[in-house]
Each structure stands twice: as structure tokens, then as C-alpha cells.
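Enquirer: The structure's right below; bear with me while I get my questions together.
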Amino acid sequence: MASSEEIQTLILTTLDTQGNIENTDSLRTADGAPIPYLAVVGVLNSLASKQMVTYTTIEKDHYSLTAEGNEIADSGSHEAKVFNAVDPKQGITIAELTNLLGPSAKIGQGKAFKNKWIKKESDILIREVTSIVDLTQQDVLEIRETGTHSNPATLKDLQSRKHVEKAKLISYSVSKGPKFSLTIEKQATDLTADMLANGSWRTLTFKKYNFAGNPPQGGHLHPLMKVREEFRKIFFELGFEEMPTNKYVESSFWNFDALFQPQQHPARDAHDTFFLLAHLTLEHLVHVDPATSSNFSDMEYVNRVKEVHSHGGYGSIGYGYDWKIEEAEKLILRTHTTSVSSNMLYRLAQETKANGGVFRPAKFFSIDRVYRNETVDATHLAEFHQVEGVIADKNLTLGDLIGFMQVFFEKMGIPSIKFKPAFNPYTEPSMEIFSWHPGLEKWVELGNSGMFRPEMLGAMGLDPDVRVIAWGLGLERPTMIKYGLDNIRELLGHKVDLDMIQSNSACRLDKKMGKELVGRDAVIA
Ligand code: PHE
């Protein structure tokens with residue numbers, strides 16, 4: 001077999017003398033043998049990568065004989081075998097014929113009758129002609145020699161009789177490339193220190209890197225986690241501490257009561273909140289998953305919360321209803337990450353007390369999952385992520401909140417924001433945050449914010465001059481905008497396309513992102 005150097009020389013010299021090679025099928029080695037297809041492809045690719053040749057692919061149908069087809073080519077068709085078995089004088093019985101030819105007897109008879117080669121006379125087959133021409137054998141022989149047949153109908157017929165199979169044959173038409181030459185310039189694979197020192201790198205040709213390979217199969221971050229990372233960076237740059245949000249099940253106390261949210265508030269209804277059901281195992285006859293938690297470590301604080309709800313305090317008249325601990329004990333899936341913020345602020349009050357009343361200003365943030373018993377649609381799921389920030393310091397004002405929101409949203413690439421008065425049970429005043437969208441020509445909601453109420457902070461034990469500003473927004477909306485998804489079910493749940501997770505780009509909340517971000521309606525869920 002010819003080596004690839006020999007094939008290379010053959011191709012180059014043929015191109016040199018003929019100008020081009022119409023079909024590589026015509027190439028022959030010195031001893032007249034055709035060149036295997038794979039060897040040709042290898043050489044052509046290597047020459048093409050050096051721009052020495054260009055080539056196009058020629059596809060041709062090639063017909064070859066099946067085992068049965070080859071048998072016919074060698075020893076004749078079934079019908080010819082039948083004819084030959086019939087004795088010119090005495091004929092043959094069907095039993096004898098079957099005995100002699102096996103399955104061919106049956107297959108061949110029909111065609112031999114049809115060709116009027118034989119006929120049946122009182123159970124004996126006799127010849128109707130003295131000699132025959134076995135056209136089928138001639139046809140398959142022609143195909144075996146040429147790979148095709150002059151009559152397309154014959155090819156079809158022989159294919160349906162399973163004597164012939166069709167395959168695609170690939171060959172190439174080759175022309176000289178811009179860098180055609182009879183000799184192959186050696187290409188350098190590595191740039192060495194010597195080449196740099198002696199200047200030879202200027203004239204050398206370098207082999208192109210071949211980066212083909214399997215992409216590494218590793219873990220891939222979900223888009224939500226990528227956008228979360230960007231928000232985390234903003235918070236860390238601004239000196240915030242991350243709150244521990246690793247509990248999805250929370251007591252109603254921290255989610256609602258500590259936040260001065262009355263027990264009759266509609267948000268505390270099973271239509272809006274997921275309540276836990278007690279789960280009892282028969283085996284142990286114990287509640288393994290309780291529906292309530294009465295595990296309050298600081299009953300004095302719980303009583304202060306009861307007092308402020310029922311009768312007021314810290315400058316408030318309260319709600320004037322009978323606060324019940326049973327309601328506060330109910331376990332739920334947290335409906336907002338503000339449940340964690342309330343717990344952290346309580347701890348801050350405890351820390352102040354432990355420090356002999358010396359208050360430490362604090363900046364907290366969290367980005368984690370929350371749950372609401374909502375109807376799922378293209379933009380709402382029953383679980384989503386909230387981004388939340390909290391700043392606690394003495395004598396903060398609404399002006400501080402407004403100013404800080406400007407800094408925060410500018411970091412997200414949103415330069416101008418506007419505020420609208422709103423209501424939250426736990427903040428007063430409360431403000432929705434809007435941004436002007438030049439494309440939609442309207443103000444769109446980005447998030448919600450406010451100053452935590454004295455009824456909440458006072459009960460915790462924080463001094464009246466300690467003010468806490470806080471805000472929240474959703475993580476899903478900016479993520480969907482960033483990654484061009486318009487159905488939230490493409491982002492979370494069983495319909496998520498894993499390729500989307502694996503191939504989406506890293507996230508950067510740049511100026512452009514900010515513009516896109518304000519391009520949709522509310523960012524807050
Ligand atoms: N907890 C609010 C929500 O779920 C967001 C918020 C946080 C509002 C802090 C004010 C202050 O929508």
C-alpha cells in the first residue's frame with residue numbers, strides 16, 4: 001500500500017502536470033492500484049490546511065452484490081438452475097427438482113414459467129425452449145464489474161430482490177491552492193527561545209493549533225447562581241455581611257410576628273403561605289416533622305411582641321387584638337428573606353445588650369429562596385429568590401435610604417431611579433423603587449424598600465435612635481433578562497434545558513444589563 005508521503009507526491013505531481021484532478025477515483029499508485037479513500041482524505045486535509053490545495057467532495061452511488069447476488073454471478077440465477085435441471089428429453093418431477101436444488105427450486109420455477117422456459121405436463125416439468133440466456137446473471141456480473149448498471153430499472157429490480165445493495169461512494173475533485181508547491185514546507189510546531197533570539201520566527205511558518213477535543217464535563221453553575229454572584233460582589237464591595245439564610249422552614253414568629261405583621265393579615269392565609277403539615281410515623285409513633293415550633297429561647301421578647309401587637313408601645317397604639325402564641329408557633333416555608341433580617345436585627349439588639357449598650361452599626365444582605373402559594377404562570381413560580389439589603393445605624397433618615405438606593409442601583413447599571421410611597425406592615429415609610437425605561441417610555445418597578453417600624457425594632461430592644469433601612473428585589477427577573485428567557489419555566493423546574501445551563505455565559509451586571517433590566521416590568525417578584 002502506498003504511504004501517505006507517496007500519495008501526497010502523487011497528488012502534487014498530478015496537479016502540477018494536469019492543473020487539477022477531476023476525480024481522485026482516477027488516481028493510481030505506481031503499480032496501478034487505486035488509492036484507499038481514507039488515505040486520500042488524510043492527505044487532502046493536511047494539504048488544504050497549508051493552503052496548498054482546495055478540494056470539493058463528489059458523491060456517487062455505488063452498487064455491490066449481496067451474498068445471494070454473488071452466488072448468482074458465480075453459478076447462475078435460480079430460474080437458470082431450474083431450466084438446467086430439467087432433462088431435455090424426460091423432464092423432471094417437482095419432487096426431484098426440489099431434491100436437487102433445494103430452495104432455488106421454488107424461487108426459480110415462477111420466473112422460468114414466466115420466461116416460458118419450462119411448462120408443466122401431467123405433473124412433470126418439461127423444457128419449452130432448447131437453450132436460454134441467463135440475463136439475471138449477466139446483469140449482476142455487470143454490476144459486480146462496474147459498480148452500477150446501464151438500466152436504472154434493472155438496478156431497482158435487483159435491489160428489491162436483494163441481489164444488490166446501494167452505498168454512497170465519496171471521492172474528491174482537487175485544484176491547486178494559493179500556496180501550491182511541489183515541496184512541502186516544514187511547519188514549526190512550537191515557538192522556541194532560539195527562534196526569538198535568532199529572528200527566524202519572522203520567516204517560519206507555524207503549524208496551526210488544533211484545539212479540537214471534547215469539552216470538559218464538569219459542573220455548571222445555574223444562571224441564577226451566576227447573577228446571584230454578581231449581586232453578592234456589589235454587596236461585598238459596599239461592605240455588607242451575608243446573612244445565614246440556610247433555613248427554608250421558618251416559624252410564623254420570625255416571618256410575620258417579629259415584623260409587626262398582625263395575625264389576621266391576609267398574607268398569613270393558606271392561600272398565600274405554605275404551612276407545614278405534621279408528619280407522623282406509625283413505626284415510632286412520634287412526630288418526625290412537626291407543624292409547629294414552641295422553641296422560643298427568649299420568652300421576654302416574645303411577650304414584648306405580644307404586647308406591642310395587642311396594646312402598642314414605642315409610640316404606637318398597636319393593633320388592639322388578642323395576640324396568640326399558637327399562631328406564631330406555626331411552621332411555614334418562609335415567604336420572604338425578611339424573616340432572616342428580623343432574626344439578625346434581634347441578634348444585633350442582643351449583641352448591643354451584651355456590649356453594655358454599645359451599638360455596632362451593621363450592613364447585612366441575603367440572596368436566597370422564598371416560597372409563596374401562588375398560581376404558577378410564565379413569570380411566577382411558587383418559589384423564587386429574593387435579594388435583600390439591611391442597614392442599621394443611629395439616626396438614619398429616609399434621605400439615607402433614597403441616597404443609598406441611588407448608589408446601589410447605579411452599581412447595577414441603573415443611573416436614575418424614582419420612588420413611590422407604598423405600604424408594608426413592617427416598614428414606615430415604605431417606597432417602591434422605579435426606573436425610567438426609555439424604550440417602553442414608562443417608569444417600571446424595580447423593588448420595594450422602607451424603614452423598619454419602631455414597633456418591630458423597639459420590641460427587639462434596639463434604642464429608639466437606631467434606625468434600620470431595608471429593601472428587597474427579585475433575582476429571577478434580572479436573570480431572565482440577562483439570559484434572554486421569557487418564560488420562568490425555562491429557568492427553573494423540569495422543563496429546563498440542561499444545554500442552556502451548560503453553555504450560557506458568565507454574568508456581568510454592566511451598564512447595558514441595567515438598561516435591559518429596566519426594560520421589563522417589576523424586578524421584584
Ligand atoms: N419583604 C419584602 C417583600 O417580600 C421586601 C422588603 C424588604 C420591603 C425589606 C421592605 C424592606 O416584598
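How things are named: the first chain in the C-alpha cells is A, the next is B, and so on; residues count from 1 in each chain; ligands count from 1 in the order shown.
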Within 8 Å of ligand 1, which residues of chain A show up? Give each one with its shortest atom-to-atom distance in Å (one decimal) and the two atoms involved, counting only C-alpha atoms and all ligand atoms, rows by chain then rising residue number, as a Markdown table.

Expert:
```
| residue | atom | partner | partner_atom_place_in_ligand_line | distance |
| --- | --- | --- | --- | --- |
| A:Thr335 | CA | ligand 1 | 4 (O) | 7.0 |
| A:His336 | CA | ligand 1 | 4 (O) | 4.7 |
| A:Thr337 | CA | ligand 1 | 1 (N) | 6.6 |
| A:Thr338 | CA | ligand 1 | 1 (N) | 5.1 |
| A:Gln386 | CA | ligand 1 | 4 (O) | 7.5 |
| A:Glu388 | CA | ligand 1 | 7 (C) | 6.1 |
| A:Gly389 | CA | ligand 1 | 9 (C) | 7.1 |
| A:Val390 | CA | ligand 1 | 9 (C) | 7.2 |
| A:Asn424 | CA | ligand 1 | 10 (C) | 6.7 |
| A:Tyr426 | CA | ligand 1 | 10 (C) | 7.4 |
| A:Thr427 | CA | ligand 1 | 10 (C) | 6.2 |
| A:Ser430 | CA | ligand 1 | 10 (C) | 6.8 |
| A:Met431 | CA | ligand 1 | 10 (C) | 7.9 |
| A:Gly447 | CA | ligand 1 | 5 (C) | 7.4 |
| A:Asn448 | CA | ligand 1 | 8 (C) | 4.8 |
| A:Ser449 | CA | ligand 1 | 10 (C) | 3.8 |
| A:Gly450 | CA | ligand 1 | 10 (C) | 4.8 |
| A:Met451 | CA | ligand 1 | 11 (C) | 6.9 |
| A:Phe452 | CA | ligand 1 | 11 (C) | 7.1 |
| A:Ile469 | CA | ligand 1 | 11 (C) | 7.2 |
| A:Ala470 | CA | ligand 1 | 11 (C) | 4.3 |
| A:Trp471 | CA | ligand 1 | 9 (C) | 4.0 |
| A:Gly472 | CA | ligand 1 | 5 (C) | 4.1 |
| A:Leu473 | CA | ligand 1 | 5 (C) | 6.6 |
| A:Ile524 | CA | ligand 1 | 12 (O) | 7.0 |
| A:Ala525 | CA | ligand 1 | 12 (O) | 7.2 |
```

Enquirer: Next, the residues of the selection above should be written as a PDB file, in the first residue's frame with N, CA and C atoms.

Expert:
```
ATOM      1  N   THR A 335     -41.868  33.204  53.505  1.00  0.00           N
ATOM      2  CA  THR A 335     -42.467  33.895  52.358  1.00  0.00           C
ATOM      3  C   THR A 335     -41.584  35.041  51.875  1.00  0.00           C
ATOM      4  N   HIS A 336     -40.616  35.415  52.692  1.00  0.00           N
ATOM      5  CA  HIS A 336     -39.624  36.421  52.283  1.00  0.00           C
ATOM      6  C   HIS A 336     -38.365  36.238  53.119  1.00  0.00           C
ATOM      7  N   THR A 337     -37.255  36.753  52.628  1.00  0.00           N
ATOM      8  CA  THR A 337     -35.999  36.629  53.385  1.00  0.00           C
ATOM      9  C   THR A 337     -35.960  37.647  54.524  1.00  0.00           C
ATOM     10  N   THR A 338     -37.000  38.505  54.611  1.00  0.00           N
ATOM     11  CA  THR A 338     -37.069  39.462  55.713  1.00  0.00           C
ATOM     12  C   THR A 338     -37.210  38.732  57.051  1.00  0.00           C
ATOM     13  N   GLN A 386     -35.049  36.046  46.583  1.00  0.00           N
ATOM     14  CA  GLN A 386     -35.066  37.476  46.896  1.00  0.00           C
ATOM     15  C   GLN A 386     -33.663  37.969  47.200  1.00  0.00           C
ATOM     16  N   GLU A 388     -31.943  40.896  49.301  1.00  0.00           N
ATOM     17  CA  GLU A 388     -32.381  41.804  50.363  1.00  0.00           C
ATOM     18  C   GLU A 388     -31.197  42.486  51.023  1.00  0.00           C
ATOM     19  N   GLY A 389     -31.332  43.759  51.292  1.00  0.00           N
ATOM     20  CA  GLY A 389     -30.285  44.513  51.974  1.00  0.00           C
ATOM     21  C   GLY A 389     -30.855  45.223  53.188  1.00  0.00           C
ATOM     22  N   VAL A 390     -30.065  45.308  54.262  1.00  0.00           N
ATOM     23  CA  VAL A 390     -30.494  45.939  55.516  1.00  0.00           C
ATOM     24  C   VAL A 390     -29.332  46.781  56.050  1.00  0.00           C
ATOM     25  N   ASN A 424     -46.019  48.569  53.552  1.00  0.00           N
ATOM     26  CA  ASN A 424     -45.603  47.256  54.061  1.00  0.00           C
ATOM     27  C   ASN A 424     -45.973  47.244  55.532  1.00  0.00           C
ATOM     28  N   TYR A 426     -44.367  46.161  57.917  1.00  0.00           N
ATOM     29  CA  TYR A 426     -43.187  46.278  58.794  1.00  0.00           C
ATOM     30  C   TYR A 426     -42.325  47.491  58.515  1.00  0.00           C
ATOM     31  N   THR A 427     -42.626  48.265  57.474  1.00  0.00           N
ATOM     32  CA  THR A 427     -41.840  49.474  57.225  1.00  0.00           C
ATOM     33  C   THR A 427     -42.737  50.704  57.172  1.00  0.00           C
ATOM     34  N   SER A 430     -42.667  53.447  53.520  1.00  0.00           N
ATOM     35  CA  SER A 430     -42.276  52.411  52.566  1.00  0.00           C
ATOM     36  C   SER A 430     -42.274  53.032  51.172  1.00  0.00           C
ATOM     37  N   MET A 431     -41.367  52.539  50.342  1.00  0.00           N
ATOM     38  CA  MET A 431     -41.283  53.108  48.991  1.00  0.00           C
ATOM     39  C   MET A 431     -41.032  52.012  47.956  1.00  0.00           C
ATOM     40  N   GLY A 447     -38.094  47.370  42.748  1.00  0.00           N
ATOM     41  CA  GLY A 447     -38.051  46.727  44.062  1.00  0.00           C
ATOM     42  C   GLY A 447     -38.858  47.507  45.071  1.00  0.00           C
ATOM     43  N   ASN A 448     -38.728  47.066  46.314  1.00  0.00           N
ATOM     44  CA  ASN A 448     -39.519  47.595  47.406  1.00  0.00           C
ATOM     45  C   ASN A 448     -38.565  47.948  48.551  1.00  0.00           C
ATOM     46  N   SER A 449     -38.909  48.960  49.333  1.00  0.00           N
ATOM     47  CA  SER A 449     -37.971  49.379  50.382  1.00  0.00           C
ATOM     48  C   SER A 449     -38.711  50.074  51.515  1.00  0.00           C
ATOM     49  N   GLY A 450     -37.990  50.388  52.565  1.00  0.00           N
ATOM     50  CA  GLY A 450     -38.618  51.133  53.656  1.00  0.00           C
ATOM     51  C   GLY A 450     -37.736  51.210  54.884  1.00  0.00           C
ATOM     52  N   MET A 451     -38.291  51.856  55.936  1.00  0.00           N
ATOM     53  CA  MET A 451     -37.601  51.926  57.225  1.00  0.00           C
ATOM     54  C   MET A 451     -38.391  51.064  58.196  1.00  0.00           C
ATOM     55  N   PHE A 452     -37.714  50.110  58.826  1.00  0.00           N
ATOM     56  CA  PHE A 452     -38.425  49.202  59.729  1.00  0.00           C
ATOM     57  C   PHE A 452     -39.094  49.989  60.858  1.00  0.00           C
ATOM     58  N   ILE A 469     -32.845  50.805  57.625  1.00  0.00           N
ATOM     59  CA  ILE A 469     -33.414  50.913  56.284  1.00  0.00           C
ATOM     60  C   ILE A 469     -33.204  49.575  55.568  1.00  0.00           C
ATOM     61  N   ALA A 470     -34.152  49.216  54.728  1.00  0.00           N
ATOM     62  CA  ALA A 470     -34.075  47.893  54.091  1.00  0.00           C
ATOM     63  C   ALA A 470     -34.764  47.931  52.738  1.00  0.00           C
ATOM     64  N   TRP A 471     -34.366  47.012  51.866  1.00  0.00           N
ATOM     65  CA  TRP A 471     -35.000  46.935  50.545  1.00  0.00           C
ATOM     66  C   TRP A 471     -34.900  45.507  50.013  1.00  0.00           C
ATOM     67  N   GLY A 472     -35.744  45.201  49.071  1.00  0.00           N
ATOM     68  CA  GLY A 472     -35.737  43.856  48.502  1.00  0.00           C
ATOM     69  C   GLY A 472     -36.097  43.880  47.030  1.00  0.00           C
ATOM     70  N   LEU A 473     -35.519  42.920  46.282  1.00  0.00           N
ATOM     71  CA  LEU A 473     -35.910  42.742  44.883  1.00  0.00           C
ATOM     72  C   LEU A 473     -35.780  41.277  44.507  1.00  0.00           C
ATOM     73  N   ILE A 524     -38.944  43.134  41.181  1.00  0.00           N
ATOM     74  CA  ILE A 524     -39.354  42.455  42.414  1.00  0.00           C
ATOM     75  C   ILE A 524     -40.457  41.460  42.079  1.00  0.00           C
ATOM     76  N   ALA A 525     -40.418  40.315  42.728  1.00  0.00           N
ATOM     77  CA  ALA A 525     -41.409  39.283  42.406  1.00  0.00           C
ATOM     78  C   ALA A 525     -42.749  39.643  43.017  1.00  0.00           C
TER      79      ALA A 525
END
```

Enquirer: Using only C-alpha atoms, which residues sit within 9 Å of region 291-302 of chain A once same-chain residues fewer than 3 positions away are excluded, as a PDB file with N, CA, C and O atoms, in the first residue's frame?

Expert:
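See part-v4.pdb below for the written result:
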```
ATOM      1  N   SER A 251     -40.487  29.763  61.527  1.00  0.00           N
ATOM      2  CA  SER A 251     -41.713  29.905  62.317  1.00  0.00           C
ATOM      3  C   SER A 251     -42.435  31.161  61.843  1.00  0.00           C
ATOM      4  O   SER A 251     -41.804  32.107  61.357  1.00  0.00           O
ATOM      5  N   PHE A 253     -43.469  33.262  63.649  1.00  0.00           N
ATOM      6  CA  PHE A 253     -42.984  34.331  64.515  1.00  0.00           C
ATOM      7  C   PHE A 253     -41.975  35.220  63.790  1.00  0.00           C
ATOM      8  O   PHE A 253     -42.142  36.430  63.724  1.00  0.00           O
ATOM      9  N   ALA A 258     -42.617  38.986  64.457  1.00  0.00           N
ATOM     10  CA  ALA A 258     -41.493  39.856  64.813  1.00  0.00           C
ATOM     11  C   ALA A 258     -41.484  41.096  63.926  1.00  0.00           C
ATOM     12  O   ALA A 258     -40.943  42.136  64.299  1.00  0.00           O
ATOM     13  N   PHE A 275     -48.138  26.296  54.747  1.00  0.00           N
ATOM     14  CA  PHE A 275     -47.980  25.869  56.139  1.00  0.00           C
ATOM     15  C   PHE A 275     -47.515  24.419  56.161  1.00  0.00           C
ATOM     16  O   PHE A 275     -47.883  23.632  55.282  1.00  0.00           O
ATOM     17  N   LEU A 276     -46.737  24.057  57.172  1.00  0.00           N
ATOM     18  CA  LEU A 276     -46.272  22.675  57.257  1.00  0.00           C
ATOM     19  C   LEU A 276     -47.330  21.796  57.901  1.00  0.00           C
ATOM     20  O   LEU A 276     -48.031  22.226  58.818  1.00  0.00           O
ATOM     21  N   LEU A 277     -47.443  20.564  57.395  1.00  0.00           N
ATOM     22  CA  LEU A 277     -48.336  19.580  57.997  1.00  0.00           C
ATOM     23  C   LEU A 277     -47.489  18.675  58.875  1.00  0.00           C
ATOM     24  O   LEU A 277     -46.369  18.347  58.516  1.00  0.00           O
ATOM     25  N   ALA A 278     -48.058  18.275  60.011  1.00  0.00           N
ATOM     26  CA  ALA A 278     -47.315  17.347  60.875  1.00  0.00           C
ATOM     27  C   ALA A 278     -47.250  16.003  60.182  1.00  0.00           C
ATOM     28  O   ALA A 278     -48.199  15.585  59.524  1.00  0.00           O
ATOM     29  N   HIS A 279     -46.117  15.349  60.294  1.00  0.00           N
ATOM     30  CA  HIS A 279     -45.964  14.036  59.688  1.00  0.00           C
ATOM     31  C   HIS A 279     -45.632  13.038  60.781  1.00  0.00           C
ATOM     32  O   HIS A 279     -44.659  13.172  61.501  1.00  0.00           O
ATOM     33  N   HIS A 287     -43.978  12.497  66.185  1.00  0.00           N
ATOM     34  CA  HIS A 287     -43.988  13.470  65.104  1.00  0.00           C
ATOM     35  C   HIS A 287     -42.554  13.657  64.647  1.00  0.00           C
ATOM     36  O   HIS A 287     -41.748  14.207  65.375  1.00  0.00           O
ATOM     37  N   VAL A 305     -43.400  41.287  71.984  1.00  0.00           N
ATOM     38  CA  VAL A 305     -44.061  41.260  70.667  1.00  0.00           C
ATOM     39  C   VAL A 305     -45.572  41.155  70.865  1.00  0.00           C
ATOM     40  O   VAL A 305     -46.354  41.873  70.233  1.00  0.00           O
ATOM     41  N   LYS A 306     -45.986  40.264  71.787  1.00  0.00           N
ATOM     42  CA  LYS A 306     -47.410  40.098  72.088  1.00  0.00           C
ATOM     43  C   LYS A 306     -48.002  41.450  72.532  1.00  0.00           C
ATOM     44  O   LYS A 306     -49.069  41.857  72.075  1.00  0.00           O
ATOM     45  N   GLU A 307     -47.274  42.127  73.405  1.00  0.00           N
ATOM     46  CA  GLU A 307     -47.741  43.391  73.974  1.00  0.00           C
ATOM     47  C   GLU A 307     -47.908  44.465  72.891  1.00  0.00           C
ATOM     48  O   GLU A 307     -48.927  45.139  72.840  1.00  0.00           O
ATOM     49  N   ILE A 325     -49.949  33.003  70.883  1.00  0.00           N
ATOM     50  CA  ILE A 325     -48.658  32.375  70.595  1.00  0.00           C
ATOM     51  C   ILE A 325     -48.813  31.195  69.626  1.00  0.00           C
ATOM     52  O   ILE A 325     -47.930  30.935  68.806  1.00  0.00           O
ATOM     53  N   GLU A 326     -49.987  30.518  69.660  1.00  0.00           N
ATOM     54  CA  GLU A 326     -50.213  29.350  68.782  1.00  0.00           C
ATOM     55  C   GLU A 326     -50.051  29.740  67.310  1.00  0.00           C
ATOM     56  O   GLU A 326     -49.540  28.963  66.513  1.00  0.00           O
ATOM     57  N   ALA A 328     -48.147  32.149  66.202  1.00  0.00           N
ATOM     58  CA  ALA A 328     -46.726  32.435  65.964  1.00  0.00           C
ATOM     59  C   ALA A 328     -45.899  31.148  65.879  1.00  0.00           C
ATOM     60  O   ALA A 328     -44.819  31.141  65.293  1.00  0.00           O
ATOM     61  N   GLU A 329     -46.442  30.078  66.501  1.00  0.00           N
ATOM     62  CA  GLU A 329     -45.702  28.800  66.527  1.00  0.00           C
ATOM     63  C   GLU A 329     -45.816  28.021  65.218  1.00  0.00           C
ATOM     64  O   GLU A 329     -45.073  27.071  64.989  1.00  0.00           O
ATOM     65  N   LYS A 330     -46.764  28.405  64.368  1.00  0.00           N
ATOM     66  CA  LYS A 330     -46.986  27.648  63.126  1.00  0.00           C
ATOM     67  C   LYS A 330     -45.760  27.706  62.223  1.00  0.00           C
ATOM     68  O   LYS A 330     -45.247  28.797  61.942  1.00  0.00           O
ATOM     69  N   LEU A 331     -45.328  26.529  61.756  1.00  0.00           N
ATOM     70  CA  LEU A 331     -44.170  26.485  60.857  1.00  0.00           C
ATOM     71  C   LEU A 331     -44.636  26.675  59.417  1.00  0.00           C
ATOM     72  O   LEU A 331     -45.664  26.141  59.006  1.00  0.00           O
ATOM     73  N   ILE A 332     -43.858  27.446  58.692  1.00  0.00           N
ATOM     74  CA  ILE A 332     -44.208  27.740  57.294  1.00  0.00           C
ATOM     75  C   ILE A 332     -42.948  27.657  56.436  1.00  0.00           C
ATOM     76  O   ILE A 332     -41.837  27.575  56.956  1.00  0.00           O
ATOM     77  N   ALA A 459     -39.378  46.466  70.223  1.00  0.00           N
ATOM     78  CA  ALA A 459     -39.641  45.207  70.917  1.00  0.00           C
ATOM     79  C   ALA A 459     -38.382  44.343  70.965  1.00  0.00           C
ATOM     80  O   ALA A 459     -38.166  43.589  71.914  1.00  0.00           O
ATOM     81  N   MET A 460     -37.560  44.460  69.939  1.00  0.00           N
ATOM     82  CA  MET A 460     -36.320  43.688  69.920  1.00  0.00           C
ATOM     83  C   MET A 460     -35.339  44.192  70.976  1.00  0.00           C
ATOM     84  O   MET A 460     -34.428  43.482  71.376  1.00  0.00           O
ATOM     85  N   GLY A 461     -35.505  45.459  71.374  1.00  0.00           N
ATOM     86  CA  GLY A 461     -34.615  46.030  72.375  1.00  0.00           C
ATOM     87  C   GLY A 461     -33.619  47.013  71.800  1.00  0.00           C
ATOM     88  O   GLY A 461     -32.675  47.405  72.478  1.00  0.00           O
TER      89      GLY A 461
END
```

Enquirer: According to DSSP computed on the backbone, where in region 353-433 of chain A is there alpha helix (DSSP H)? Give the residues as JSON, numbers by chain.

Expert: {"A": [353, 354, 398, 399, 400, 401, 402, 403, 404, 405, 406, 407, 408, 409, 410, 411]}

Enquirer: Could you name the residues that touch Val164 (chain A) at 12 Å or less, counting only C-alpha atoms, but leaving out those on the same chain fewer than 3 positions away, as a ChimeraX atom specification?

Expert: /A:62-73,136,139-144,147-149,154-161,167

Enquirer: For a test of reading the model, state the distance in Å between CA of Leu135 (chain A) and CA of Pro152 (chain A), rounded to one decimal.

Expert: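 Between CA of Leu135 (chain A) and CA of Pro152 (chain A) the gap is 15.1 Å.
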
Enquirer: Taking the chain letters and numbering used in this document, name the residues of region 271-439 of chain A that DSSP puts in strand (DSSP E), as a PyMOL selection string.

Expert: chain A and resi 279-281+286-289+331-333+362-371+383-394+417-424+427-437

Enquirer: I need the residue nearest Asn395 (chain A) from this list: A:Arg467, A:His265, A:Lys50, A:Arg202. Use only C-alpha atoms for the distance.

Expert: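 Among A:Arg467, A:His265, A:Lys50, A:Arg202, it is A:Arg467 that comes nearest to Asn395 (chain A).
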